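Engineer: Coordinates in run-v4.cif, mmCIF, C-alpha atoms, are listed below.
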```
data_my_file
loop_
_atom_site.group_PDB
_atom_site.id
_atom_site.type_symbol
_atom_site.label_atom_id
_atom_site.label_comp_id
_atom_site.auth_asym_id
_atom_site.auth_seq_id
_atom_site.Cartn_x
_atom_site.Cartn_y
_atom_site.Cartn_z
ATOM 1 C CA MET A 1 97.205 -2.721 -115.797
ATOM 2 C CA THR A 2 95.181 0.427 -116.415
ATOM 3 C CA THR A 3 91.969 1.127 -114.538
ATOM 4 C CA LYS A 4 89.038 2.890 -116.164
ATOM 5 C CA PRO A 5 88.949 6.635 -115.572
ATOM 6 C CA GLY A 6 86.387 8.035 -113.138
ATOM 7 C CA LEU A 7 86.016 9.025 -109.504
ATOM 8 C CA HIS A 8 86.812 6.046 -107.272
ATOM 9 C CA PRO A 9 83.740 4.179 -105.935
ATOM 10 C CA ARG A 10 84.881 4.636 -102.320
ATOM 11 C CA ASN A 11 85.482 8.361 -102.746
ATOM 12 C CA ARG A 12 83.220 10.265 -100.335
ATOM 13 C CA HIS A 13 82.747 13.064 -102.865
ATOM 14 C CA GLN A 14 80.671 11.282 -105.507
ATOM 15 C CA ASN A 15 77.732 13.655 -105.150
ATOM 16 C CA ARG A 16 77.268 17.411 -104.976
ATOM 17 C CA TYR A 17 78.522 19.113 -101.857
ATOM 18 C CA ASP A 18 76.006 19.004 -99.001
ATOM 19 C CA PHE A 19 76.367 22.613 -97.915
ATOM 20 C CA THR A 20 73.967 22.203 -95.006
ATOM 21 C CA ALA A 21 76.113 19.467 -93.479
ATOM 22 C CA LEU A 22 79.337 21.280 -94.365
ATOM 23 C CA GLN A 23 78.189 24.486 -92.666
ATOM 24 C CA GLN A 24 77.214 22.537 -89.572
ATOM 25 C CA ALA A 25 80.698 21.000 -89.471
ATOM 26 C CA SER A 26 82.408 24.347 -90.117
ATOM 27 C CA PRO A 27 80.119 27.367 -89.516
ATOM 28 C CA GLU A 28 82.642 29.844 -90.950
ATOM 29 C CA LEU A 29 81.882 28.428 -94.415
ATOM 30 C CA THR A 30 78.480 30.149 -94.230
ATOM 31 C CA ALA A 31 80.009 33.554 -95.005
ATOM 32 C CA PHE A 32 81.113 32.266 -98.414
ATOM 33 C CA VAL A 33 78.009 30.351 -99.474
ATOM 34 C CA ARG A 34 75.882 31.954 -102.168
ATOM 35 C CA ARG A 35 73.213 30.906 -104.652
ATOM 36 C CA SER A 36 74.076 29.742 -108.138
ATOM 37 C CA PRO A 37 72.007 30.953 -111.141
ATOM 38 C CA ALA A 38 70.042 27.715 -110.726
ATOM 39 C CA GLY A 39 69.297 28.641 -107.109
ATOM 40 C CA GLU A 40 71.553 26.023 -105.527
ATOM 41 C CA PRO A 41 74.104 26.738 -102.771
ATOM 42 C CA THR A 42 77.702 27.115 -103.949
ATOM 43 C CA ILE A 43 80.804 29.224 -103.383
ATOM 44 C CA ASP A 44 82.948 31.441 -105.578
ATOM 45 C CA PHE A 45 85.637 28.974 -106.632
ATOM 46 C CA ALA A 46 87.784 31.880 -107.830
ATOM 47 C CA ASP A 47 88.010 33.194 -104.256
ATOM 48 C CA PRO A 48 90.961 31.602 -102.402
ATOM 49 C CA LEU A 49 89.406 32.310 -98.993
ATOM 50 C CA ALA A 50 86.181 30.595 -100.040
ATOM 51 C CA VAL A 51 88.054 27.559 -101.360
ATOM 52 C CA LYS A 52 90.081 27.316 -98.146
ATOM 53 C CA ALA A 53 86.865 27.516 -96.104
ATOM 54 C CA LEU A 54 85.323 24.763 -98.243
ATOM 55 C CA ASN A 55 88.389 22.547 -97.751
ATOM 56 C CA ARG A 56 88.250 23.122 -94.009
ATOM 57 C CA ALA A 57 84.587 22.105 -93.974
ATOM 58 C CA LEU A 58 85.181 19.016 -96.146
ATOM 59 C CA LEU A 59 87.975 17.815 -93.879
ATOM 60 C CA ALA A 60 85.906 18.457 -90.759
ATOM 61 C CA HIS A 61 82.738 16.781 -92.056
ATOM 62 C CA HIS A 62 84.152 13.798 -93.938
ATOM 63 C CA TYR A 63 87.480 13.115 -92.229
ATOM 64 C CA GLN A 64 86.964 14.419 -88.658
ATOM 65 C CA VAL A 65 89.840 16.885 -89.007
ATOM 66 C CA LYS A 66 88.378 19.647 -86.847
ATOM 67 C CA ASN A 67 91.317 22.060 -87.035
ATOM 68 C CA TRP A 68 92.924 22.760 -90.395
ATOM 69 C CA ASP A 69 94.542 25.817 -91.919
ATOM 70 C CA ILE A 70 97.362 26.740 -94.287
ATOM 71 C CA PRO A 71 99.394 29.950 -94.611
ATOM 72 C CA ASP A 72 98.465 32.379 -97.368
ATOM 73 C CA GLY A 73 100.037 31.559 -100.719
ATOM 74 C CA PHE A 74 100.418 27.830 -100.151
ATOM 75 C CA LEU A 75 98.783 25.157 -102.281
ATOM 76 C CA CYS A 76 95.112 24.621 -101.406
ATOM 77 C CA PRO A 77 94.458 21.115 -102.714
ATOM 78 C CA PRO A 78 91.251 19.778 -104.278
ATOM 79 C CA VAL A 79 90.146 17.275 -101.643
ATOM 80 C CA PRO A 80 88.155 14.898 -103.927
ATOM 81 C CA GLY A 81 91.115 14.443 -106.287
ATOM 82 C CA ARG A 82 93.553 13.858 -103.439
ATOM 83 C CA ALA A 83 91.192 11.273 -101.947
ATOM 84 C CA ASP A 84 91.076 9.457 -105.284
ATOM 85 C CA TYR A 85 94.842 8.900 -105.232
ATOM 86 C CA ILE A 86 94.586 7.388 -101.748
ATOM 87 C CA HIS A 87 91.737 5.038 -102.692
ATOM 88 C CA HIS A 88 93.424 3.805 -105.872
ATOM 89 C CA LEU A 89 96.629 3.250 -103.915
ATOM 90 C CA ALA A 90 94.618 1.165 -101.440
ATOM 91 C CA ASP A 91 93.439 -1.031 -104.309
ATOM 92 C CA LEU A 92 97.018 -1.457 -105.498
ATOM 93 C CA LEU A 93 98.161 -2.569 -102.040
ATOM 94 C CA ALA A 94 95.204 -4.933 -101.765
ATOM 95 C CA GLN A 95 96.369 -6.872 -104.819
ATOM 96 C CA SER A 96 99.275 -8.323 -102.821
ATOM 97 C CA ASN A 97 97.105 -8.934 -99.753
ATOM 98 C CA GLU A 98 94.535 -11.409 -101.091
ATOM 99 C CA GLY A 99 92.276 -8.544 -102.134
ATOM 100 C CA GLU A 100 92.110 -7.034 -98.651
ATOM 101 C CA ILE A 101 93.147 -3.409 -98.120
ATOM 102 C CA PRO A 102 95.898 -3.405 -95.475
ATOM 103 C CA ARG A 103 94.950 -1.486 -92.356
ATOM 104 C CA ASN A 104 98.457 -1.178 -90.962
ATOM 105 C CA ALA A 105 100.252 0.110 -94.049
ATOM 106 C CA THR A 106 103.095 2.604 -93.735
ATOM 107 C CA VAL A 107 103.273 5.326 -96.387
ATOM 108 C CA LEU A 108 105.854 7.993 -97.196
ATOM 109 C CA ASP A 109 104.351 11.244 -98.517
ATOM 110 C CA ILE A 110 107.081 12.978 -100.520
ATOM 111 C CA GLY A 111 106.492 16.713 -100.166
ATOM 112 C CA VAL A 112 103.740 16.600 -97.567
ATOM 113 C CA GLY A 113 103.136 20.340 -98.000
ATOM 114 C CA ALA A 114 101.600 22.866 -95.663
ATOM 115 C CA ASN A 115 98.198 21.181 -96.099
ATOM 116 C CA CYS A 116 99.204 17.634 -95.005
ATOM 117 C CA ILE A 117 96.285 16.426 -97.112
ATOM 118 C CA TYR A 118 97.302 12.879 -98.038
ATOM 119 C CA PRO A 119 98.127 11.744 -94.483
ATOM 120 C CA LEU A 120 94.876 13.267 -93.176
ATOM 121 C CA ILE A 121 92.768 11.367 -95.696
ATOM 122 C CA GLY A 122 94.790 8.154 -95.693
ATOM 123 C CA HIS A 123 94.837 7.814 -91.922
ATOM 124 C CA HIS A 124 91.110 8.450 -91.559
ATOM 125 C CA GLU A 125 90.055 6.151 -94.397
ATOM 126 C CA TYR A 126 92.373 3.219 -93.750
ATOM 127 C CA GLY A 127 94.209 3.774 -90.489
ATOM 128 C CA TRP A 128 97.546 4.013 -92.297
ATOM 129 C CA ARG A 129 100.621 5.517 -90.673
ATOM 130 C CA PHE A 130 102.452 8.245 -92.559
ATOM 131 C CA THR A 131 105.852 9.859 -92.730
ATOM 132 C CA GLY A 132 105.780 13.213 -94.511
ATOM 133 C CA SER A 133 108.922 14.755 -95.993
ATOM 134 C CA GLU A 134 109.211 18.460 -96.728
ATOM 135 C CA VAL A 135 111.935 20.867 -97.873
ATOM 136 C CA ASN A 136 110.148 24.103 -96.950
ATOM 137 C CA ASP A 137 110.361 25.210 -93.309
ATOM 138 C CA GLU A 138 107.084 27.151 -93.322
ATOM 139 C CA ALA A 139 105.222 24.246 -94.920
ATOM 140 C CA LEU A 140 106.682 21.855 -92.356
ATOM 141 C CA LYS A 141 105.624 24.168 -89.531
ATOM 142 C CA SER A 142 102.080 24.375 -90.933
ATOM 143 C CA ALA A 143 101.742 20.603 -91.364
ATOM 144 C CA ASN A 144 103.025 20.067 -87.832
ATOM 145 C CA ALA A 145 100.498 22.594 -86.486
ATOM 146 C CA ILE A 146 97.660 20.640 -88.147
ATOM 147 C CA ILE A 147 98.888 17.389 -86.594
ATOM 148 C CA LEU A 148 99.175 18.897 -83.108
ATOM 149 C CA ALA A 149 95.779 20.622 -83.365
ATOM 150 C CA ASN A 150 93.922 17.355 -83.958
ATOM 151 C CA PRO A 151 94.086 14.784 -81.130
ATOM 152 C CA GLY A 152 95.595 11.444 -82.062
ATOM 153 C CA LEU A 153 97.256 12.474 -85.310
ATOM 154 C CA ASN A 154 100.698 12.767 -83.756
ATOM 155 C CA LYS A 155 100.631 8.994 -83.229
ATOM 156 C CA ALA A 156 99.874 8.369 -86.904
ATOM 157 C CA ILE A 157 101.798 11.071 -88.771
ATOM 158 C CA ARG A 158 105.434 12.064 -88.369
ATOM 159 C CA LEU A 159 107.320 14.695 -90.344
ATOM 160 C CA ARG A 160 110.897 14.853 -91.587
ATOM 161 C CA ARG A 161 112.796 17.802 -93.005
ATOM 162 C CA GLN A 162 114.590 17.217 -96.302
ATOM 163 C CA LYS A 163 117.853 18.975 -95.560
ATOM 164 C CA THR A 164 119.363 18.499 -99.028
ATOM 165 C CA PRO A 165 117.360 20.225 -101.780
ATOM 166 C CA GLY A 166 117.678 18.329 -105.024
ATOM 167 C CA THR A 167 117.432 14.945 -103.355
ATOM 168 C CA ILE A 168 114.165 13.184 -102.619
ATOM 169 C CA LEU A 169 114.529 9.898 -100.749
ATOM 170 C CA ASN A 170 118.101 10.199 -99.542
ATOM 171 C CA GLY A 171 118.143 11.425 -95.953
ATOM 172 C CA ILE A 172 114.437 10.677 -95.496
ATOM 173 C CA ILE A 173 114.208 6.874 -95.537
ATOM 174 C CA HIS A 174 116.265 5.632 -92.610
ATOM 175 C CA LYS A 175 118.122 2.351 -92.292
ATOM 176 C CA ASN A 176 115.930 -0.666 -91.451
ATOM 177 C CA GLU A 177 112.680 1.208 -92.234
ATOM 178 C CA PHE A 178 110.101 -0.319 -94.569
ATOM 179 C CA TYR A 179 107.275 1.448 -96.402
ATOM 180 C CA ASP A 180 104.400 -0.196 -98.196
ATOM 181 C CA ALA A 181 104.224 2.758 -100.561
ATOM 182 C CA THR A 182 105.399 6.251 -101.354
ATOM 183 C CA ILE A 183 103.099 8.938 -102.758
ATOM 184 C CA CYS A 184 104.079 12.156 -104.472
ATOM 185 C CA ASN A 185 102.522 15.176 -106.168
ATOM 186 C CA PRO A 186 105.602 16.531 -107.963
ATOM 187 C CA PRO A 187 106.125 20.117 -109.141
ATOM 188 C CA PHE A 188 105.035 19.964 -112.761
ATOM 189 C CA HIS A 189 106.352 23.207 -114.316
ATOM 190 C CA ASP A 190 109.938 23.511 -115.493
ATOM 191 C CA SER A 191 110.498 27.175 -114.602
ATOM 192 C CA GLN A 192 109.000 30.140 -112.786
ATOM 193 C CA ALA A 193 108.097 31.686 -116.153
ATOM 194 C CA THR A 194 106.164 28.581 -117.213
ATOM 195 C CA ALA A 195 104.343 28.481 -113.887
ATOM 196 C CA ALA A 196 103.486 32.180 -114.200
ATOM 197 C CA ALA A 197 102.174 31.681 -117.746
ATOM 198 C CA SER A 198 99.992 28.815 -116.567
ATOM 199 C CA SER A 199 98.645 30.957 -113.724
ATOM 200 C CA GLU A 200 97.852 33.741 -116.175
ATOM 201 C CA ARG A 201 95.899 31.342 -118.396
ATOM 202 C CA LYS A 202 93.893 30.199 -115.378
ATOM 203 C CA ARG A 203 93.173 33.819 -114.436
ATOM 204 C CA ARG A 204 91.864 34.551 -117.936
ATOM 205 C CA ASN A 205 89.756 31.383 -117.951
ATOM 206 C CA LEU A 206 88.244 32.391 -114.605
ATOM 207 C CA GLY A 207 87.706 35.965 -115.770
ATOM 208 C CA LEU A 208 89.996 37.413 -113.093
ATOM 209 C CA ASN A 209 92.100 40.543 -113.311
ATOM 210 C CA ASP A 210 95.907 40.506 -113.111
ATOM 211 C CA ASN A 211 95.910 41.327 -109.394
ATOM 212 C CA ALA A 212 93.590 38.504 -108.416
ATOM 213 C CA GLN A 213 95.003 35.668 -106.352
ATOM 214 C CA LEU A 214 94.372 32.226 -107.732
ATOM 215 C CA ASN A 215 92.221 29.997 -105.588
ATOM 216 C CA PHE A 216 94.729 27.163 -105.302
ATOM 217 C CA GLY A 217 97.910 29.157 -104.529
ATOM 218 C CA GLY A 218 101.264 27.437 -104.461
ATOM 219 C CA GLN A 219 104.848 28.102 -103.466
ATOM 220 C CA GLN A 220 107.801 27.708 -105.812
ATOM 221 C CA GLN A 221 108.734 24.193 -104.707
ATOM 222 C CA GLU A 222 105.075 23.119 -105.046
ATOM 223 C CA LEU A 223 104.701 24.380 -108.620
ATOM 224 C CA TRP A 224 108.012 24.198 -110.453
ATOM 225 C CA CYS A 225 111.537 22.860 -110.453
ATOM 226 C CA GLU A 226 114.308 22.850 -113.034
ATOM 227 C CA GLY A 227 113.329 20.349 -115.698
ATOM 228 C CA GLY A 228 109.735 20.096 -114.471
ATOM 229 C CA GLU A 229 108.028 16.900 -113.432
ATOM 230 C CA VAL A 230 110.068 14.739 -115.823
ATOM 231 C CA ALA A 231 113.313 15.763 -114.129
ATOM 232 C CA PHE A 232 111.806 15.393 -110.654
ATOM 233 C CA ILE A 233 110.300 11.963 -111.298
ATOM 234 C CA THR A 234 113.472 10.804 -113.070
ATOM 235 C CA THR A 235 115.443 11.668 -109.933
ATOM 236 C CA LEU A 236 112.851 9.843 -107.821
ATOM 237 C CA ILE A 237 113.114 6.729 -110.002
ATOM 238 C CA GLN A 238 116.894 6.760 -109.929
ATOM 239 C CA GLU A 239 117.013 7.224 -106.147
ATOM 240 C CA SER A 240 114.397 4.517 -105.631
ATOM 241 C CA LYS A 241 116.830 1.792 -106.672
ATOM 242 C CA ALA A 242 118.888 2.362 -103.522
ATOM 243 C CA PHE A 243 115.753 1.717 -101.439
ATOM 244 C CA ALA A 244 114.426 -1.176 -103.515
ATOM 245 C CA ARG A 245 114.225 -3.528 -100.521
ATOM 246 C CA GLN A 246 112.687 -0.938 -98.189
ATOM 247 C CA VAL A 247 109.660 0.111 -100.269
ATOM 248 C CA MET A 248 107.074 -2.160 -101.831
ATOM 249 C CA TRP A 249 105.555 0.397 -104.225
ATOM 250 C CA PHE A 250 106.940 3.758 -105.307
ATOM 251 C CA THR A 251 104.191 5.953 -106.787
ATOM 252 C CA THR A 252 103.839 9.467 -108.147
ATOM 253 C CA LEU A 253 101.298 11.564 -109.982
ATOM 254 C CA VAL A 254 102.147 12.404 -113.601
ATOM 255 C CA SER A 255 100.287 15.492 -114.810
ATOM 256 C CA LYS A 256 101.023 15.109 -118.530
ATOM 257 C CA GLY A 257 100.413 11.868 -120.367
ATOM 258 C CA ASP A 258 103.006 12.871 -122.962
ATOM 259 C CA ASN A 259 105.670 12.489 -120.274
ATOM 260 C CA LEU A 260 104.955 8.792 -119.728
ATOM 261 C CA PRO A 261 107.044 7.228 -122.556
ATOM 262 C CA GLY A 262 110.237 8.895 -121.342
ATOM 263 C CA LEU A 263 109.543 7.913 -117.750
ATOM 264 C CA TYR A 264 108.872 4.313 -118.784
ATOM 265 C CA ARG A 265 112.287 4.224 -120.454
ATOM 266 C CA VAL A 266 113.934 5.425 -117.240
ATOM 267 C CA LEU A 267 112.055 2.777 -115.276
ATOM 268 C CA GLN A 268 113.196 0.067 -117.680
ATOM 269 C CA GLN A 269 116.791 1.247 -117.437
ATOM 270 C CA THR A 270 116.547 1.210 -113.647
ATOM 271 C CA GLY A 271 115.577 -2.462 -113.677
ATOM 272 C CA VAL A 272 112.227 -2.356 -111.911
ATOM 273 C CA GLU A 273 110.198 -5.552 -111.594
ATOM 274 C CA LYS A 274 106.771 -4.142 -112.488
ATOM 275 C CA VAL A 275 105.169 -0.857 -113.551
ATOM 276 C CA VAL A 276 101.498 0.065 -113.150
ATOM 277 C CA LYS A 277 99.603 3.071 -114.490
ATOM 278 C CA VAL A 278 96.334 4.074 -112.824
ATOM 279 C CA GLU A 279 94.051 6.493 -114.658
ATOM 280 C CA MET A 280 91.874 8.854 -112.628
ATOM 281 C CA ALA A 281 89.358 11.578 -113.442
ATOM 282 C CA GLN A 282 87.493 14.305 -111.599
ATOM 283 C CA GLY A 283 84.883 15.861 -113.848
ATOM 284 C CA GLN A 284 86.645 16.932 -117.027
ATOM 285 C CA LYS A 285 90.096 16.773 -115.448
ATOM 286 C CA GLN A 286 92.106 13.677 -116.306
ATOM 287 C CA SER A 287 94.969 12.566 -114.098
ATOM 288 C CA ARG A 288 97.036 9.484 -113.401
ATOM 289 C CA PHE A 289 99.716 8.025 -111.233
ATOM 290 C CA ILE A 290 102.393 5.506 -112.021
ATOM 291 C CA ALA A 291 103.694 2.900 -109.589
ATOM 292 C CA TRP A 292 106.780 0.730 -109.755
ATOM 293 C CA THR A 293 108.248 -1.992 -107.596
ATOM 294 C CA PHE A 294 111.470 -3.986 -107.381
ATOM 295 C CA HIS A 295 109.625 -6.866 -105.644
ATOM 296 C CA ASN A 296 108.101 -9.700 -107.652
ATOM 297 C CA ASP A 297 104.584 -10.996 -107.019
ATOM 298 C CA ALA A 298 105.690 -13.645 -104.524
ATOM 299 C CA GLN A 299 107.845 -11.219 -102.570
ATOM 300 C CA ARG A 300 105.004 -8.691 -102.334
ATOM 301 C CA SER A 301 102.591 -11.362 -101.137
ATOM 302 C CA ARG A 302 105.030 -12.593 -98.492
ATOM 303 C CA ARG A 303 105.595 -9.060 -97.268
ATOM 304 C CA ALA A 304 101.862 -8.360 -97.067
ATOM 305 C CA SER A 305 101.283 -11.650 -95.251
ATOM 306 C CA SER A 306 104.002 -11.002 -92.657
ATOM 307 C CA ALA A 307 102.827 -7.424 -92.115
ATOM 308 C CA ALA A 308 99.264 -8.617 -91.435
ATOM 309 C CA ARG A 309 100.365 -10.829 -88.552
#
```
Before we go any further, please render this structure as structure tokens.
Structural biologist:
Amino acid sequence: MTTKPGLHPRNRHQNRYDFTALQQASPELTAFVRRSPAGEPTIDFADPLAVKALNRALLAHHYQVKNWDIPDGFLCPPVPGRADYIHHLADLLAQSNEGEIPRNATVLDIGVGANCIYPLIGHHEYGWRFTGSEVNDEALKSANAIILANPGLNKAIRLRRQKTPGTILNGIIHKNEFYDATICNPPFHDSQATAAASSERKRRNLGLNDNAQLNFGGQQQELWCEGGEVAFITTLIQESKAFARQVMWFTTLVSKGDNLPGLYRVLQQTGVEKVVKVEMAQGQKQSRFIAWTFHNDAQRSRRASSAAR
């Protein structure tokens, strides 16, 4: 199954940003708002402080996250694209639940990051409960600060430290736990040099000088790992077999379509029951995630039915 590319119909960011509403939700955004050549309000998307202020306003206005911040240098995610992943995942889960999106789903966010973005969106939109894993202490501290700063989130989102770098699920999924899905935005570069070269290309495309900070930021573990996303996702697939009964759907973003054939071979070798690819798009940017399960259709339906009781 492959869905047609395009922003998801339930995505709250279908239209242009309503800067009046966003500034009311987060007044500090006002300092960064300027007029475009066409006379419309906008921000400088090359300015990391402006992008962070926009994210803070989007989360406050659309998702009732009134207190959000990340340390300097950490990944500042594009909210509309992150929301798309959540909405498409909801559709995937609905397929085993007679077309109804489950409201009590449990989701594991692999690499929750300093921004905690997926749990914030997923809990607000669907009431899901999240476990977020993280290998970086500062990122974990930041995500925890966001949870504690917003009343009620500590009942919906819990965090776990990955104490063994190089492993993904081991040590995170505990005995007798069950997750409806995992989500993941893996590091996609294969080395620091590759990540630096990509950053330099983005700087040139944005017309920035060499000293300019990119608007999205990113720490090492967010941007690259040895072997890049293929190695990371391969490890995830191989580890997933040990948790086949405890997770209905394993999912992960795949930044490069050229990487799919090799990943499909690994999935086949691992003996998964079903593989799904979901195409997404935000403007000119194309993206996708793949999902795999060790449960057949009947098993997934029974699980969804029992969970709904």
Engineer: Write out as a list in words the residues lying within 10 Å of Lys256 in chain A, counting all atoms listed in the file and excluding same-chain residues fewer than 6 positions away.
Structural biologist: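 My reading of the contact set: Phe188, Glu229, Val230, Gln286, Ser287 and Arg288 of chain A.
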Engineer: Evaluate the PyMOL selection byres ((chain A and resi 253-255) around 12) here and jot the selected residues down as a ChimeraX atom specification.
Structural biologist: /A:81-82,84-86,88-89,109-110,182-189,223,228-234,236,250-252,256-264,276-281,285-291
Engineer: At what distance in Å, to one decimal, does CA of Pro78 in chain A lie from CA of Ala139 in chain A?
Structural biologist: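 Distance between the two atoms: 17.4 Å.
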Engineer: In Å, rounded to a single decimal, give me how far CA of Leu120 in chain A is from CA of Gln24 in chain A.
Structural biologist: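 Interatomic distance, CA of Gln24 in chain A to CA of Leu120 in chain A: 20.3 Å.
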Engineer: With all atoms listed in the file as the counted atoms, please give the residues lying no more than 12 Å from Leu22 in chain A, apart from itself and same-chain residues fewer than 4 positions off, as a PyMOL selection string.
Structural biologist: chain A and resi 16-18+26-30+32-33+41-42+53-64+66
Engineer: Next, dump the selected residues to file, keeping only C-alpha atoms, as a compact mmCIF listing (two decimals), in the frame of the given file.
Structural biologist:
```
# COMPACT_ATOMS: atom_id res chain seq x y z
CA ARG A 16 77.27 17.41 -104.98
CA TYR A 17 78.52 19.11 -101.86
CA ASP A 18 76.01 19.00 -99.00
CA SER A 26 82.41 24.35 -90.12
CA PRO A 27 80.12 27.37 -89.52
CA GLU A 28 82.64 29.84 -90.95
CA LEU A 29 81.88 28.43 -94.42
CA THR A 30 78.48 30.15 -94.23
CA PHE A 32 81.11 32.27 -98.41
CA VAL A 33 78.01 30.35 -99.47
CA PRO A 41 74.10 26.74 -102.77
CA THR A 42 77.70 27.12 -103.95
CA ALA A 53 86.86 27.52 -96.10
CA LEU A 54 85.32 24.76 -98.24
CA ASN A 55 88.39 22.55 -97.75
CA ARG A 56 88.25 23.12 -94.01
CA ALA A 57 84.59 22.10 -93.97
CA LEU A 58 85.18 19.02 -96.15
CA LEU A 59 87.98 17.82 -93.88
CA ALA A 60 85.91 18.46 -90.76
CA HIS A 61 82.74 16.78 -92.06
CA HIS A 62 84.15 13.80 -93.94
CA TYR A 63 87.48 13.12 -92.23
CA GLN A 64 86.96 14.42 -88.66
CA LYS A 66 88.38 19.65 -86.85
```
Engineer: Looking at only C-alpha atoms, which of A:Val247, A:Ala94, A:Ile168, A:Cys76 is the one that sits closest to Thr235 in chain A?
Structural biologist: A:Ile168
Engineer: Quick one: residues within 12 Å of Arg303 in chain A, all atoms listed in the file counted, chain neighbours fewer than 6 positions away excluded, as a PyMOL selection string?
Structural biologist: chain A and resi 93+96-98+102+105+178-180+245-249+295-297+309
Engineer: Report as lines of an AutoDock Vina configuration file the centre and the edge lengths, in Å to one decimal, of the axis-aligned box holding every listed atom of range 161-174 of chain A, padded by 8 Å on each side.
Structural biologist:
```
center_x = 116.1
center_y = 12.9
center_z = -98.8
size_x = 22.6
size_y = 30.6
size_z = 28.4
```
Engineer: Between A:Phe74, A:Tyr126, A:Tyr118, A:Phe243, which is the closest to Lys175 in chain A once you count all atoms listed in the file?
Structural biologist: A:Phe243
Engineer: Calculate how many Å separate CA of Ala181 in chain A from CA of Val107 in chain A, rounding to one decimal.
Structural biologist: 5.0 Å
Engineer: Point out the residue among A:Asn144, A:Thr131, A:Asn67, A:Ser306 with the least atom-to-atom distance to Ile172 in chain A, counting all atoms listed in the file.
Structural biologist: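 Counting all atoms listed in the file, the residue closest to Ile172 in chain A is A:Thr131.
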Engineer: Env of Glu239 in chain A: 9 Å cut, atoms = all atoms listed in the file, seq-sep filter 6 positions within chain, self excluded. Answer as number ranges by chain.
Structural biologist: A: 167-170
